[in-house]
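Enquirer: Structure: structure-v1.cif, mmCIF, C-alpha atoms.
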data_target
#
loop_
_atom_site.label_atom_id
_atom_site.label_comp_id
_atom_site.auth_asym_id
_atom_site.auth_seq_id
_atom_site.Cartn_x
_atom_site.Cartn_y
_atom_site.Cartn_z
CA MET Z 1094 162.29 50.69 38.44
CA THR Z 1095 159.36 48.31 38.91
CA ASP Z 1096 159.77 45.22 41.06
CA ALA Z 1097 158.98 43.00 38.06
CA LEU Z 1098 161.80 44.66 36.10
CA ALA Z 1099 164.15 44.30 39.07
CA ALA Z 1100 163.32 40.58 39.28
CA ARG Z 1101 164.05 40.14 35.59
CA LEU Z 1102 167.29 42.08 35.82
CA LEU Z 1103 168.41 40.06 38.86
CA MET Z 1104 167.68 36.76 37.15
CA GLY Z 1105 169.30 37.98 33.94
CA LEU Z 1106 172.40 39.13 35.80
CA SER Z 1107 172.70 35.78 37.57
CA LEU Z 1108 172.32 33.86 34.33
CA ALA Z 1109 174.79 36.09 32.48
CA PHE Z 1110 177.34 35.46 35.23
CA HIS Z 1111 176.70 31.74 35.55
CA ILE Z 1112 176.65 30.89 31.84
CA VAL Z 1113 180.38 31.57 31.53
CA PHE Z 1114 181.20 29.08 34.27
CA ALA Z 1115 178.68 26.59 32.91
CA ALA Z 1116 180.50 26.73 29.56
CA ALA Z 1117 183.82 26.18 31.33
CA GLY Z 1118 182.33 23.25 33.25
CA ILE Z 1119 181.41 21.64 29.93
CA ALA Z 1120 184.58 22.38 27.96
CA MET Z 1121 187.54 22.42 30.37
CA PRO Z 1122 187.17 18.79 31.53
CA LEU Z 1123 187.20 17.55 27.94
CA PHE Z 1124 190.31 19.58 27.13
CA MET Z 1125 192.21 18.35 30.20
CA VAL Z 1126 191.26 14.73 29.42
CA ILE Z 1127 192.47 15.06 25.82
CA ALA Z 1128 195.75 16.48 27.13
CA GLU Z 1129 196.22 13.56 29.51
CA TRP Z 1130 195.27 11.07 26.79
CA ARG Z 1131 197.90 12.62 24.54
CA TYR Z 1132 200.46 12.20 27.31
CA ARG Z 1133 199.53 8.54 27.84
CA ARG Z 1134 199.77 7.90 24.09
CA THR Z 1135 202.95 9.84 23.25
CA GLY Z 1136 204.84 10.07 26.51
CA GLU Z 1137 205.40 13.80 25.87
CA THR Z 1138 205.36 15.25 29.37
CA VAL Z 1139 204.36 18.68 28.12
CA TRP Z 1140 200.88 17.20 27.72
CA LEU Z 1141 201.00 16.06 31.34
CA SER Z 1142 201.85 19.61 32.40
CA LEU Z 1143 198.93 20.91 30.36
CA ALA Z 1144 196.51 18.37 31.83
CA LYS Z 1145 197.51 19.36 35.36
CA ALA Z 1146 197.33 23.08 34.63
CA TRP Z 1147 193.96 22.87 32.91
CA SER Z 1148 192.54 20.67 35.67
CA LYS Z 1149 193.42 23.35 38.22
CA GLY Z 1150 191.69 25.95 36.09
CA ALA Z 1151 188.67 23.66 35.74
CA ALA Z 1152 188.51 23.26 39.52
CA VAL Z 1153 188.51 27.02 40.13
CA LEU Z 1154 185.84 27.66 37.52
CA PHE Z 1155 183.77 24.71 38.75
CA ALA Z 1156 183.80 26.04 42.32
CA VAL Z 1157 182.69 29.55 41.31
CA GLY Z 1158 180.12 28.09 38.93
CA ALA Z 1159 178.66 26.05 41.78
CA VAL Z 1160 178.05 29.28 43.68
CA GLY Z 1161 176.25 30.82 40.72
CA GLY Z 1162 174.18 27.70 40.16
CA THR Z 1163 173.11 27.61 43.80
CA VAL Z 1164 171.99 31.24 43.63
CA LEU Z 1165 169.96 30.50 40.49
CA SER Z 1166 168.18 27.58 42.14
CA PHE Z 1167 167.02 29.87 44.95
CA GLU Z 1168 166.05 32.62 42.53
CA LEU Z 1169 163.80 30.30 40.57
CA GLY Z 1170 161.66 29.73 43.65
CA LEU Z 1171 161.86 33.22 45.13
CA LEU Z 1172 161.55 35.35 41.99
CA TRP Z 1173 159.34 33.13 39.83
CA PRO Z 1174 156.87 31.32 42.12
CA GLY Z 1175 154.14 31.30 39.46
CA PHE Z 1176 156.44 29.50 37.05
CA MET Z 1177 157.59 26.95 39.60
CA GLN Z 1178 154.07 26.28 40.87
CA PHE Z 1179 152.88 25.48 37.36
CA SER Z 1180 155.93 23.68 36.00
CA GLY Z 1181 157.67 22.18 39.03
CA SER Z 1182 156.14 18.72 38.57
CA ILE Z 1183 156.95 18.83 34.84
CA ILE Z 1184 160.59 19.89 34.92
CA GLY Z 1185 161.47 18.29 38.25
CA VAL Z 1186 162.95 15.18 36.62
CA PRO Z 1187 165.64 16.90 34.51
CA PHE Z 1188 166.52 19.22 37.39
CA SER Z 1189 166.89 16.22 39.73
CA LEU Z 1190 169.03 14.36 37.22
CA GLU Z 1191 171.13 17.49 36.76
CA GLY Z 1192 171.82 17.40 40.49
CA PHE Z 1193 173.13 13.84 40.16
CA ALA Z 1194 175.29 14.86 37.20
CA PHE Z 1195 176.66 17.83 39.15
CA PHE Z 1196 177.66 15.74 42.16
CA THR Z 1197 179.14 13.06 39.91
CA GLU Z 1198 181.28 15.71 38.26
CA ALA Z 1199 182.35 17.07 41.65
CA ILE Z 1200 183.29 13.66 43.05
CA PHE Z 1201 185.33 12.54 40.08
CA LEU Z 1202 186.94 15.95 39.68
CA GLY Z 1203 188.26 15.46 43.21
CA ILE Z 1204 189.62 12.04 42.24
CA TYR Z 1205 191.19 13.56 39.14
CA LEU Z 1206 192.82 16.43 40.99
CA TYR Z 1207 194.24 14.40 43.87
CA GLY Z 1208 194.62 11.03 42.16
CA TRP Z 1209 197.88 11.71 40.30
CA GLU Z 1210 200.29 8.92 41.32
CA ARG Z 1211 197.65 7.62 43.77
CA VAL Z 1212 195.49 5.63 41.36
CA SER Z 1213 196.37 3.72 38.23
CA PRO Z 1214 196.80 5.70 34.98
CA ARG Z 1215 193.76 4.00 33.46
CA LEU Z 1216 191.58 4.78 36.47
CA HIS Z 1217 192.79 8.37 36.57
CA LEU Z 1218 192.05 8.93 32.89
CA GLY Z 1219 188.68 7.23 33.39
CA ALA Z 1220 187.86 9.63 36.21
CA GLY Z 1221 188.60 12.52 33.86
CA VAL Z 1222 186.32 11.04 31.20
CA ILE Z 1223 183.51 10.81 33.75
CA VAL Z 1224 184.06 14.46 34.70
CA ALA Z 1225 183.88 15.49 31.04
CA VAL Z 1226 180.78 13.40 30.33
CA SER Z 1227 178.92 14.43 33.49
CA GLY Z 1228 179.71 18.09 32.80
CA ALA Z 1229 178.25 17.79 29.31
CA VAL Z 1230 175.22 15.83 30.57
CA SER Z 1231 174.60 18.41 33.30
CA GLY Z 1232 174.45 21.12 30.66
CA LEU Z 1233 172.17 19.06 28.41
CA LEU Z 1234 169.69 18.47 31.24
CA VAL Z 1235 169.45 22.18 32.01
CA LEU Z 1236 168.99 22.88 28.30
CA MET Z 1237 166.12 20.37 28.26
CA VAL Z 1238 164.33 22.60 30.75
CA ASN Z 1239 165.13 25.68 28.70
CA GLY Z 1240 163.95 23.96 25.55
CA TRP Z 1241 160.69 23.07 27.28
CA GLN Z 1242 160.10 26.76 27.97
CA HIS Z 1243 160.37 27.39 24.22
CA ALA Z 1244 158.31 24.39 23.09
CA PRO Z 1245 156.31 23.10 26.07
CA ALA Z 1246 155.29 19.45 25.81
CA GLY Z 1247 154.37 16.51 28.01
CA PHE Z 1248 151.29 17.87 29.78
CA GLU Z 1249 147.77 19.19 29.38
CA VAL Z 1250 146.16 22.22 30.97
CA ALA Z 1251 142.94 21.98 32.97
CA ASN Z 1252 141.62 24.86 35.08
CA GLY Z 1253 144.94 26.62 34.77
CA GLN Z 1254 146.89 23.64 36.14
CA ALA Z 1255 149.17 21.12 34.44
CA VAL Z 1256 147.65 17.62 34.33
CA ASN Z 1257 148.43 14.29 32.64
CA ILE Z 1258 152.13 15.00 32.97
CA ASN Z 1259 154.67 12.96 31.03
CA PRO Z 1260 158.07 14.21 32.29
CA PHE Z 1261 160.04 12.37 29.63
CA ALA Z 1262 157.99 13.92 26.81
CA ALA Z 1263 158.67 17.26 28.48
CA MET Z 1264 162.39 16.54 28.65
CA PHE Z 1265 162.66 15.51 25.00
CA ASN Z 1266 160.64 18.45 23.75
CA PRO Z 1267 160.81 19.70 20.13
CA ALA Z 1268 163.13 22.63 20.94
CA TRP Z 1269 165.66 20.66 22.98
CA PRO Z 1270 167.79 19.23 20.14
CA HIS Z 1271 168.64 22.51 18.43
CA ILE Z 1272 169.13 24.47 21.67
CA ALA Z 1273 171.34 21.75 23.16
CA LEU Z 1274 173.44 21.36 20.02
CA HIS Z 1275 173.94 25.08 19.49
CA MET Z 1276 174.76 25.82 23.13
CA SER Z 1277 177.06 22.82 23.65
CA ILE Z 1278 179.19 23.73 20.64
CA ALA Z 1279 179.19 27.35 21.86
CA ALA Z 1280 180.59 26.23 25.22
CA TYR Z 1281 183.55 24.44 23.63
CA GLN Z 1282 184.08 27.26 21.15
CA THR Z 1283 184.02 29.98 23.82
CA ILE Z 1284 186.55 28.28 26.06
CA ALA Z 1285 188.78 27.24 23.15
CA ALA Z 1286 188.90 30.83 21.85
CA ALA Z 1287 189.69 32.13 25.33
CA MET Z 1288 192.51 29.60 25.70
CA MET Z 1289 193.84 30.51 22.26
CA GLY Z 1290 194.02 34.15 23.32
CA ILE Z 1291 195.59 33.44 26.72
CA HIS Z 1292 198.31 31.18 25.38
CA GLY Z 1293 198.83 33.52 22.43
CA ILE Z 1294 199.57 36.34 24.86
CA MET Z 1295 202.01 34.13 26.73
CA LEU Z 1296 203.76 33.26 23.46
CA LEU Z 1297 204.25 36.98 22.86
CA ARG Z 1298 206.34 36.93 26.03
CA ASP Z 1299 208.23 33.74 25.20
CA ARG Z 1300 207.71 32.12 21.81
CA SER Z 1301 210.02 29.20 22.57
CA ASN Z 1302 208.03 27.89 25.57
CA LEU Z 1303 206.80 24.47 24.49
CA PHE Z 1304 204.05 24.55 27.15
CA HIS Z 1305 202.32 27.49 25.52
CA ARG Z 1306 203.12 26.40 21.97
CA LYS Z 1307 201.34 23.06 22.46
CA ALA Z 1308 198.46 24.75 24.26
CA PHE Z 1309 198.11 27.39 21.55
CA ALA Z 1310 198.12 24.77 18.79
CA PHE Z 1311 195.49 22.74 20.65
CA ALA Z 1312 193.25 25.78 21.27
CA LEU Z 1313 193.62 26.97 17.68
CA THR Z 1314 192.55 23.55 16.42
CA ALA Z 1315 189.59 23.38 18.81
CA THR Z 1316 188.49 26.90 17.84
CA LEU Z 1317 188.66 25.99 14.16
CA ILE Z 1318 186.68 22.75 14.56
CA THR Z 1319 183.95 24.35 16.66
CA GLY Z 1320 183.97 27.39 14.38
CA VAL Z 1321 183.15 25.17 11.41
CA LEU Z 1322 180.49 23.20 13.30
CA GLN Z 1323 178.74 26.24 14.77
CA PRO Z 1324 177.29 27.66 11.50
CA LEU Z 1325 175.93 24.20 10.72
CA ALA Z 1326 174.31 24.03 14.15
CA GLY Z 1327 173.07 27.59 13.71
CA ASP Z 1328 171.45 26.71 10.39
CA PHE Z 1329 169.66 23.75 12.01
CA SER Z 1330 168.59 26.00 14.89
CA ALA Z 1331 167.24 28.69 12.54
CA LYS Z 1332 165.11 26.15 10.68
CA GLN Z 1333 163.69 24.85 13.96
CA VAL Z 1334 162.97 28.36 15.26
CA ALA Z 1335 161.18 29.16 11.99
CA GLN Z 1336 158.83 26.24 12.67
CA LEU Z 1337 158.42 26.53 16.44
CA GLN Z 1338 158.78 30.25 17.17
CA PRO Z 1339 158.17 32.35 14.04
CA ALA Z 1340 157.83 35.56 16.07
CA LYS Z 1341 161.29 34.99 17.51
CA LEU Z 1342 162.77 34.47 14.05
CA ALA Z 1343 161.08 37.62 12.81
CA ALA Z 1344 162.55 39.61 15.72
CA MET Z 1345 166.01 38.16 15.11
CA GLU Z 1346 165.91 39.24 11.49
CA GLY Z 1347 163.97 42.50 11.81
CA GLN Z 1348 161.23 40.97 9.64
CA PHE Z 1349 158.08 42.98 10.22
CA LYS Z 1350 156.04 41.93 7.18
CA THR Z 1351 155.06 38.45 6.07
CA GLU Z 1352 156.95 38.02 2.84
CA GLN Z 1353 157.78 35.52 0.12
CA GLY Z 1354 161.46 35.43 -0.73
CA ALA Z 1355 162.34 37.28 2.46
CA PRO Z 1356 165.82 38.81 2.49
CA LEU Z 1357 168.54 38.18 5.04
CA ARG Z 1358 169.43 41.42 6.80
CA ILE Z 1359 172.96 42.18 7.87
CA GLY Z 1360 173.04 45.00 10.38
CA GLY Z 1361 170.24 47.53 10.47
CA ILE Z 1362 168.24 49.04 13.30
CA PRO Z 1363 164.66 47.72 13.51
CA ASN Z 1364 162.02 50.35 14.23
CA PRO Z 1365 158.80 48.83 15.61
CA ASN Z 1366 156.95 52.11 15.06
CA THR Z 1367 157.64 52.34 11.34
CA GLN Z 1368 157.97 48.53 11.03
CA GLU Z 1369 161.10 48.91 8.95
CA THR Z 1370 164.77 48.00 9.42
CA PRO Z 1371 166.80 50.85 7.94
CA LEU Z 1372 170.56 50.71 7.33
CA ALA Z 1373 170.46 46.94 6.81
CA ILE Z 1374 172.25 45.20 3.96
CA GLU Z 1375 169.60 42.93 2.42
CA ILE Z 1376 170.38 39.74 0.50
CA PRO Z 1377 167.19 38.81 -1.42
CA GLY Z 1378 165.63 35.42 -0.69
CA LEU Z 1379 168.37 34.29 1.65
CA LEU Z 1380 166.29 34.33 4.85
CA SER Z 1381 163.63 32.19 3.16
CA TRP Z 1382 166.32 29.77 2.05
CA LEU Z 1383 167.99 29.63 5.48
CA ALA Z 1384 164.66 29.10 7.25
CA PHE Z 1385 162.94 26.73 4.82
CA GLY Z 1386 165.47 25.70 2.18
CA ASP Z 1387 163.56 27.59 -0.52
CA THR Z 1388 164.36 31.13 -1.67
CA GLY Z 1389 160.68 31.67 -2.46
CA ALA Z 1390 159.28 30.41 0.84
CA THR Z 1391 157.05 32.65 2.93
CA VAL Z 1392 158.53 33.97 6.18
CA ILE Z 1393 155.99 35.11 8.76
CA GLY Z 1394 156.56 38.67 9.91
CA LEU Z 1395 155.80 40.28 13.23
CA GLU Z 1396 152.69 41.86 11.74
CA ALA Z 1397 151.03 38.43 12.00
CA PHE Z 1398 151.14 38.59 15.81
CA PRO Z 1399 149.45 40.90 18.31
CA ARG Z 1400 151.73 43.77 19.25
CA ALA Z 1401 151.61 42.64 22.89
CA ASP Z 1402 153.22 39.34 21.85
CA TRP Z 1403 156.21 40.88 20.08
CA PRO Z 1404 159.65 40.27 21.58
CA PRO Z 1405 161.83 43.35 22.15
CA VAL Z 1406 162.76 43.53 18.48
CA LEU Z 1407 165.65 45.98 18.64
CA LEU Z 1408 167.50 44.14 21.42
CA VAL Z 1409 166.94 40.69 19.91
CA HIS Z 1410 168.05 41.78 16.43
CA LEU Z 1411 171.18 43.59 17.61
CA ALA Z 1412 172.15 40.72 19.94
CA PHE Z 1413 171.68 38.25 17.08
CA GLN Z 1414 173.86 40.31 14.76
CA ILE Z 1415 176.61 40.56 17.39
CA MET Z 1416 176.44 36.82 18.09
CA VAL Z 1417 176.78 35.87 14.42
CA GLY Z 1418 179.48 38.45 13.81
CA SER Z 1419 181.48 37.26 16.81
CA ALA Z 1420 181.25 33.65 15.66
CA PHE Z 1421 182.64 34.56 12.24
CA VAL Z 1422 185.46 36.58 13.82
CA MET Z 1423 186.59 33.48 15.72
CA LEU Z 1424 186.22 31.27 12.66
CA GLY Z 1425 188.11 33.76 10.52
CA VAL Z 1426 191.04 34.06 12.92
CA ALA Z 1427 191.26 30.29 13.45
CA GLY Z 1428 190.90 29.64 9.71
CA LEU Z 1429 193.67 32.12 8.96
CA GLY Z 1430 195.86 30.37 11.52
CA ALA Z 1431 195.21 27.02 9.84
CA VAL Z 1432 196.16 28.45 6.44
CA LEU Z 1433 199.37 29.96 7.84
CA ALA Z 1434 200.25 26.68 9.55
CA TRP Z 1435 199.66 24.75 6.32
CA ARG Z 1436 201.71 27.13 4.18
CA ARG Z 1437 204.60 27.51 6.63
CA ARG Z 1438 204.50 23.95 7.98
CA ARG Z 1439 204.78 25.24 11.53
CA LEU Z 1440 202.82 26.96 14.26
CA PRO Z 1441 201.67 30.45 13.19
CA ASP Z 1442 203.61 32.39 15.83
CA SER Z 1443 204.19 35.72 14.12
CA ARG Z 1444 203.65 38.59 16.54
CA TRP Z 1445 200.87 40.09 14.44
CA TYR Z 1446 198.98 36.79 14.38
CA LEU Z 1447 199.41 36.18 18.11
CA TRP Z 1448 198.00 39.65 18.73
CA LEU Z 1449 195.12 38.85 16.39
CA ALA Z 1450 194.40 35.64 18.31
CA ALA Z 1451 194.49 37.54 21.59
CA LEU Z 1452 192.06 40.15 20.27
CA ALA Z 1453 189.70 37.44 19.02
CA ALA Z 1454 189.50 35.69 22.42
CA PRO Z 1455 186.79 37.92 23.98
CA PHE Z 1456 184.50 37.36 21.01
CA GLY Z 1457 183.70 33.90 22.36
CA LEU Z 1458 182.33 35.37 25.56
CA LEU Z 1459 180.53 38.06 23.57
CA ALA Z 1460 178.88 35.45 21.35
CA LEU Z 1461 177.94 33.35 24.37
CA GLU Z 1462 176.26 36.24 26.21
CA THR Z 1463 174.49 37.71 23.19
CA GLY Z 1464 173.35 34.25 22.16
CA TRP Z 1465 171.74 33.86 25.56
CA VAL Z 1466 170.06 37.25 25.09
CA VAL Z 1467 168.64 36.13 21.73
CA THR Z 1468 167.39 32.85 23.19
CA GLU Z 1469 165.70 34.32 26.26
CA LEU Z 1470 164.49 37.72 25.02
CA GLY Z 1471 163.34 36.14 21.77
CA ARG Z 1472 160.83 34.11 23.77
CA GLN Z 1473 159.35 37.15 25.54
CA PRO Z 1474 156.75 38.06 26.64
CA TRP Z 1475 156.36 34.37 27.51
CA ILE Z 1476 158.17 32.53 30.27
CA ILE Z 1477 156.52 29.38 28.87
CA GLN Z 1478 155.84 29.87 25.18
CA ASP Z 1479 152.11 30.55 24.58
CA ILE Z 1480 151.26 29.16 28.04
CA MET Z 1481 152.38 31.65 30.70
CA ARG Z 1482 153.52 35.24 30.43
CA THR Z 1483 156.61 36.35 32.29
CA LEU Z 1484 154.71 39.03 34.20
CA ASP Z 1485 152.24 36.39 35.45
CA ALA Z 1486 155.07 34.30 36.90
CA VAL Z 1487 157.03 36.98 38.74
CA THR Z 1488 157.17 37.28 42.53
CA PRO Z 1489 154.90 39.68 44.43
CA MET Z 1490 157.89 40.67 46.59
CA THR Z 1491 158.84 44.35 46.66
CA ASN Z 1492 162.04 46.31 47.18
CA LEU Z 1493 164.15 44.07 44.94
CA GLY Z 1494 166.51 46.91 44.08
CA VAL Z 1495 168.65 46.20 47.15
CA PRO Z 1496 169.30 42.50 46.37
CA LEU Z 1497 169.88 43.44 42.72
CA VAL Z 1498 172.68 45.84 43.66
CA SER Z 1499 174.02 43.45 46.32
CA PHE Z 1500 174.26 40.50 43.94
CA ALA Z 1501 175.81 42.68 41.27
CA LEU Z 1502 178.58 43.64 43.69
CA ILE Z 1503 179.03 40.00 44.74
CA TYR Z 1504 179.33 38.88 41.12
CA VAL Z 1505 181.86 41.61 40.40
CA ALA Z 1506 183.91 40.53 43.41
CA LEU Z 1507 183.76 36.86 42.38
CA ALA Z 1508 184.75 37.75 38.81
CA VAL Z 1509 187.75 39.80 40.00
CA ILE Z 1510 188.92 37.04 42.35
CA THR Z 1511 188.51 34.38 39.66
CA VAL Z 1512 190.43 36.39 37.08
CA TRP Z 1513 193.19 37.07 39.63
CA VAL Z 1514 193.54 33.38 40.54
CA LEU Z 1515 193.55 32.23 36.91
CA THR Z 1516 196.01 34.97 35.94
CA TYR Z 1517 198.33 33.86 38.73
CA GLN Z 1518 198.17 30.28 37.48
CA VAL Z 1519 198.88 31.30 33.89
CA LEU Z 1520 201.79 33.55 34.82
CA HIS Z 1521 203.31 30.75 36.91
CA SER Z 1522 202.87 28.07 34.26
CA PRO Z 1523 205.89 25.87 33.46
CA ARG Z 1524 208.76 27.08 31.31
CA ILE Z 1525 209.50 24.18 28.95
CA ALA Z 1526 212.21 24.68 26.35
CA PRO Z 1527 212.07 22.58 23.15
CA GLY Z 1528 213.77 19.25 23.76
CA HIS Z 1529 213.82 19.75 27.54
CA ALA Z 1530 210.55 18.32 28.84
CA PRO Z 1531 210.19 17.93 32.60
CA ALA Z 1532 210.17 14.54 34.22
CA ALA Z 1533 206.81 12.86 34.59
#
Rewrite the structure of this file - the entire thing - as structure tokens.
Expert:
Amino acid sequence: MTDALAARLLMGLSLAFHIVFAAAGIAMPLFMVIAEWRYRRTGETVWLSLAKAWSKGAAVLFAVGAVGGTVLSFELGLLWPGFMQFSGSIIGVPFSLEGFAFFTEAIFLGIYLYGWERVSPRLHLGAGVIVAVSGAVSGLLVLMVNGWQHAPAGFEVANGQAVNINPFAAMFNPAWPHIALHMSIAAYQTIAAAMMGIHGIMLLRDRSNLFHRKAFAFALTATLITGVLQPLAGDFSAKQVAQLQPAKLAAMEGQFKTEQGAPLRIGGIPNPNTQETPLAIEIPGLLSWLAFGDTGATVIGLEAFPRADWPPVLLVHLAFQIMVGSAFVMLGVAGLGAVLAWRRRRLPDSRWYLWLAALAAPFGLLALETGWVVTELGRQPWIIQDIMRTLDAVTPMTNLGVPLVSFALIYVALAVITVWVLTYQVLHSPRIAPGHAPAA
């Protein structure tokens, strides 16, 4: 293994680990605030129990996510000095603001956790709103930096250095809106689907527990809403990628040749050597329509770019197919639940459907991880699109295999501990019988 590959694997491993907790940091605070708001509005103390339980889960995930984020901040400087030397003055503003958002979230999460019965209800709910907003803003600021890597803006290059820097133009770069929208919805969708599965499993043990019935209904609704919004966001993202990164779109779709009326490919295994995508189901003209709103539009194929500038086509295409498929699995299960609820006028709590919801839960995490793979590998071989290659930014350090293995073991240990703590909390959640809510 080369040291450059080890550096990329280490950074990729850290990001794959951290992205789950970043999604939880965005979604969980909103869900706990909605639960408390429902309690304040209705007086149903089951919502109070849910708000307290979800806030504890948010605290655990926030703490572990802080560890992963700290590791990433060090890795940026240690593993990618060329990138930081060139771009540090450009992306410093959003990273600094993200630090403020992070500490704001931490402070008000503390108030939320320990402020029950110690501050006024309005102040407590307000603290939760600040946690939810700062968590979302923190994610948006990081996505601004990521968007800048895909569509660099706000600077000029002179003698290999960035000059005439406008940090706000860099922040609000052309790629930021579609990346931020797509990823933010994905965060809420991933956590909602996971919650739907967790509470569905608990309902298999006790279908009369009002705590899990309310939670399951909430998660099912959230999964359905985000499942409907995500294809719309994905369509917007595809159109932007077609304009800003045509090579990435071609890799996603296994499109080797520039073609009018390009087909959408479902499945298939792209072969860069033969420049074909066998075994794919092709829908004529649909890719052109999705990318440009015209079934006869020309889609640029990979053949238009030097071979050295091609992304890893096979990995990007397969990851994209898995991401889209996983999103439709979640939408399908949530949509079926909505239909069952409408027809039966009650929560869909049949054993077969609860099992289906439980089986659908991991697809959120799968979509989140494969979506990250599409986003990052689709930009390769550039760390800054058309400005700096990844290999030119990597550290000259050697012997990175040892830290790669060490961090992998640390992440595994953290994941096991986190799952154990959250499982303990779920298994010890309140038992609330219908009509017997606990005292507030």
Enquirer: Of the candidates Z:Ile1376, Z:Met1177, Z:Ala1401, Z:Val1334, which shows the shortest atom-to-atom distance to Gly1360 (chain Z), using all atoms listed in the file?
Expert: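 Under the stated criterion, the closest residue is Z:Ile1376.
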Enquirer: Please compute the CA of Glu1198 (chain Z)-CA of Arg1215 (chain Z) distance, one decimal, in Å.
Expert: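 If I compute the distance from CA of Glu1198 (chain Z) to CA of Arg1215 (chain Z), I get 17.8 Å.
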Enquirer: Which residue out of Z:His1410, Z:Arg1400, Z:His1243, Z:Arg1306 has the minimum interatomic distance to Val1466 (chain Z) when all atoms listed in the file are used?
Expert: Z:His1410
Enquirer: Between Z:Val1250, Z:Leu1520, Z:Leu1143, Z:Leu1447, which is the closest to Met1481 (chain Z) once you count only C-alpha atoms?
Expert: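 Counting only C-alpha atoms, the residue closest to Met1481 (chain Z) is Z:Val1250.
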Enquirer: Quick one: everything within 12 Å of Asp1328 (chain Z), counting only C-alpha atoms, minus sequence neighbours fewer than 2 positions away in the same chain. Send it as a ChimeraX atom specification.
Expert: /Z:1271-1272,1274-1275,1321-1326,1330-1335,1379-1386,1417
Enquirer: Using all atoms listed in the file, which residues of region 1261-1320 of chain Z come within 9 Å of region 1134-1139 of chain Z, and what is the closest atom pair for each, with the distance in Å to one decimal? Give it as a Markdown table, sorted by chain and residue number.
Expert:
| residue | atom | partner | partner_atom | distance |
| --- | --- | --- | --- | --- |
| Z:Leu1303 | CA | Z:Val1139 | CA | 7.3 |
| Z:Phe1304 | CA | Z:Val1139 | CA | 6.0 |
| Z:Lys1307 | CA | Z:Val1139 | CA | 7.8 |
Enquirer: Store the residues picked out above in a file with C-alpha atoms, as a PDB file, in the coordinates of the input.
Expert:
ATOM      1  CA  LEU Z1303     206.800  24.470  24.490  1.00  0.00           C
ATOM      2  CA  PHE Z1304     204.050  24.550  27.150  1.00  0.00           C
ATOM      3  CA  LYS Z1307     201.340  23.060  22.460  1.00  0.00           C
TER       4      LYS Z1307
END
Enquirer: Looking at only C-alpha atoms, which of Z:Val1409, Z:Ile1510, Z:Val1238, Z:Ala1310 is the one that sits closest to Ile1184 (chain Z)?
Expert: Z:Val1238
Enquirer: Using only C-alpha atoms, which of the listed residues (Z:Leu1202, Z:Ile1183, Z:Val1505, Z:Leu1190) sits closest to Val1256 (chain Z)?
Expert: Z:Ile1183
Enquirer: Report, in Å to a single decimal, how far apart CA of Leu1236 (chain Z) and CA of Ala1194 (chain Z) are.
Expert: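 Separating CA of Ala1194 (chain Z) from CA of Leu1236 (chain Z) is a distance of 13.5 Å.
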Enquirer: Near Trp1269 (chain Z), counting all atoms listed in the file, which residues have an atom at most 6 Å away, once you skip same-chain residues fewer than 4 positions from it, shown as a PyMOL selection string?
Expert: chain Z and resi 1237+1240+1273
Enquirer: Quick check, in Å to one decimal: how far apart do CA of Gln1254 (chain Z) and CA of Gly1170 (chain Z) lie?
Expert: 17.7 Å
Enquirer: Just say which residues the PyMOL selection byres ((chain Z and resi 1267) around 8) picks in this file, as a list in words.
Expert: Gly1240, Trp1241, Ala1244, Ala1246, Phe1265, Asn1266, Ala1268, Trp1269 and Pro1270 of chain Z
Enquirer: So what does the PyMOL selection byres ((chain Z and resi 1164) around 12) actually pick up in this one, as a ChimeraX atom specification?
Expert: /Z:1103-1104,1106-1108,1110-1111,1157-1163,1165-1172,1496,1500,1503-1504
Enquirer: Provide region 1103-1110 of chain Z rebuilt to N, CA and C atoms, formatted as a short mmCIF file (atom, residue, chain, number, x, y, z; two decimals), in the coordinates of the input.
Expert:
data_model
loop_
_atom_site.label_atom_id
_atom_site.label_comp_id
_atom_site.auth_asym_id
_atom_site.auth_seq_id
_atom_site.Cartn_x
_atom_site.Cartn_y
_atom_site.Cartn_z
N LEU Z 1103 167.64 40.89 37.93
CA LEU Z 1103 168.41 40.06 38.86
C LEU Z 1103 168.61 38.66 38.30
N MET Z 1104 167.56 38.09 37.74
CA MET Z 1104 167.68 36.76 37.15
C MET Z 1104 168.60 36.81 35.93
N GLY Z 1105 168.45 37.85 35.12
CA GLY Z 1105 169.30 37.98 33.94
C GLY Z 1105 170.76 38.14 34.31
N LEU Z 1106 171.02 38.94 35.35
CA LEU Z 1106 172.40 39.13 35.80
C LEU Z 1106 173.00 37.82 36.29
N SER Z 1107 172.21 37.06 37.05
CA SER Z 1107 172.70 35.78 37.57
C SER Z 1107 172.99 34.80 36.44
N LEU Z 1108 172.10 34.76 35.46
CA LEU Z 1108 172.32 33.86 34.33
C LEU Z 1108 173.52 34.29 33.49
N ALA Z 1109 173.65 35.60 33.27
CA ALA Z 1109 174.79 36.09 32.48
C ALA Z 1109 176.11 35.76 33.16
N PHE Z 1110 176.14 35.81 34.47
CA PHE Z 1110 177.34 35.46 35.23
C PHE Z 1110 177.59 33.96 35.18
#
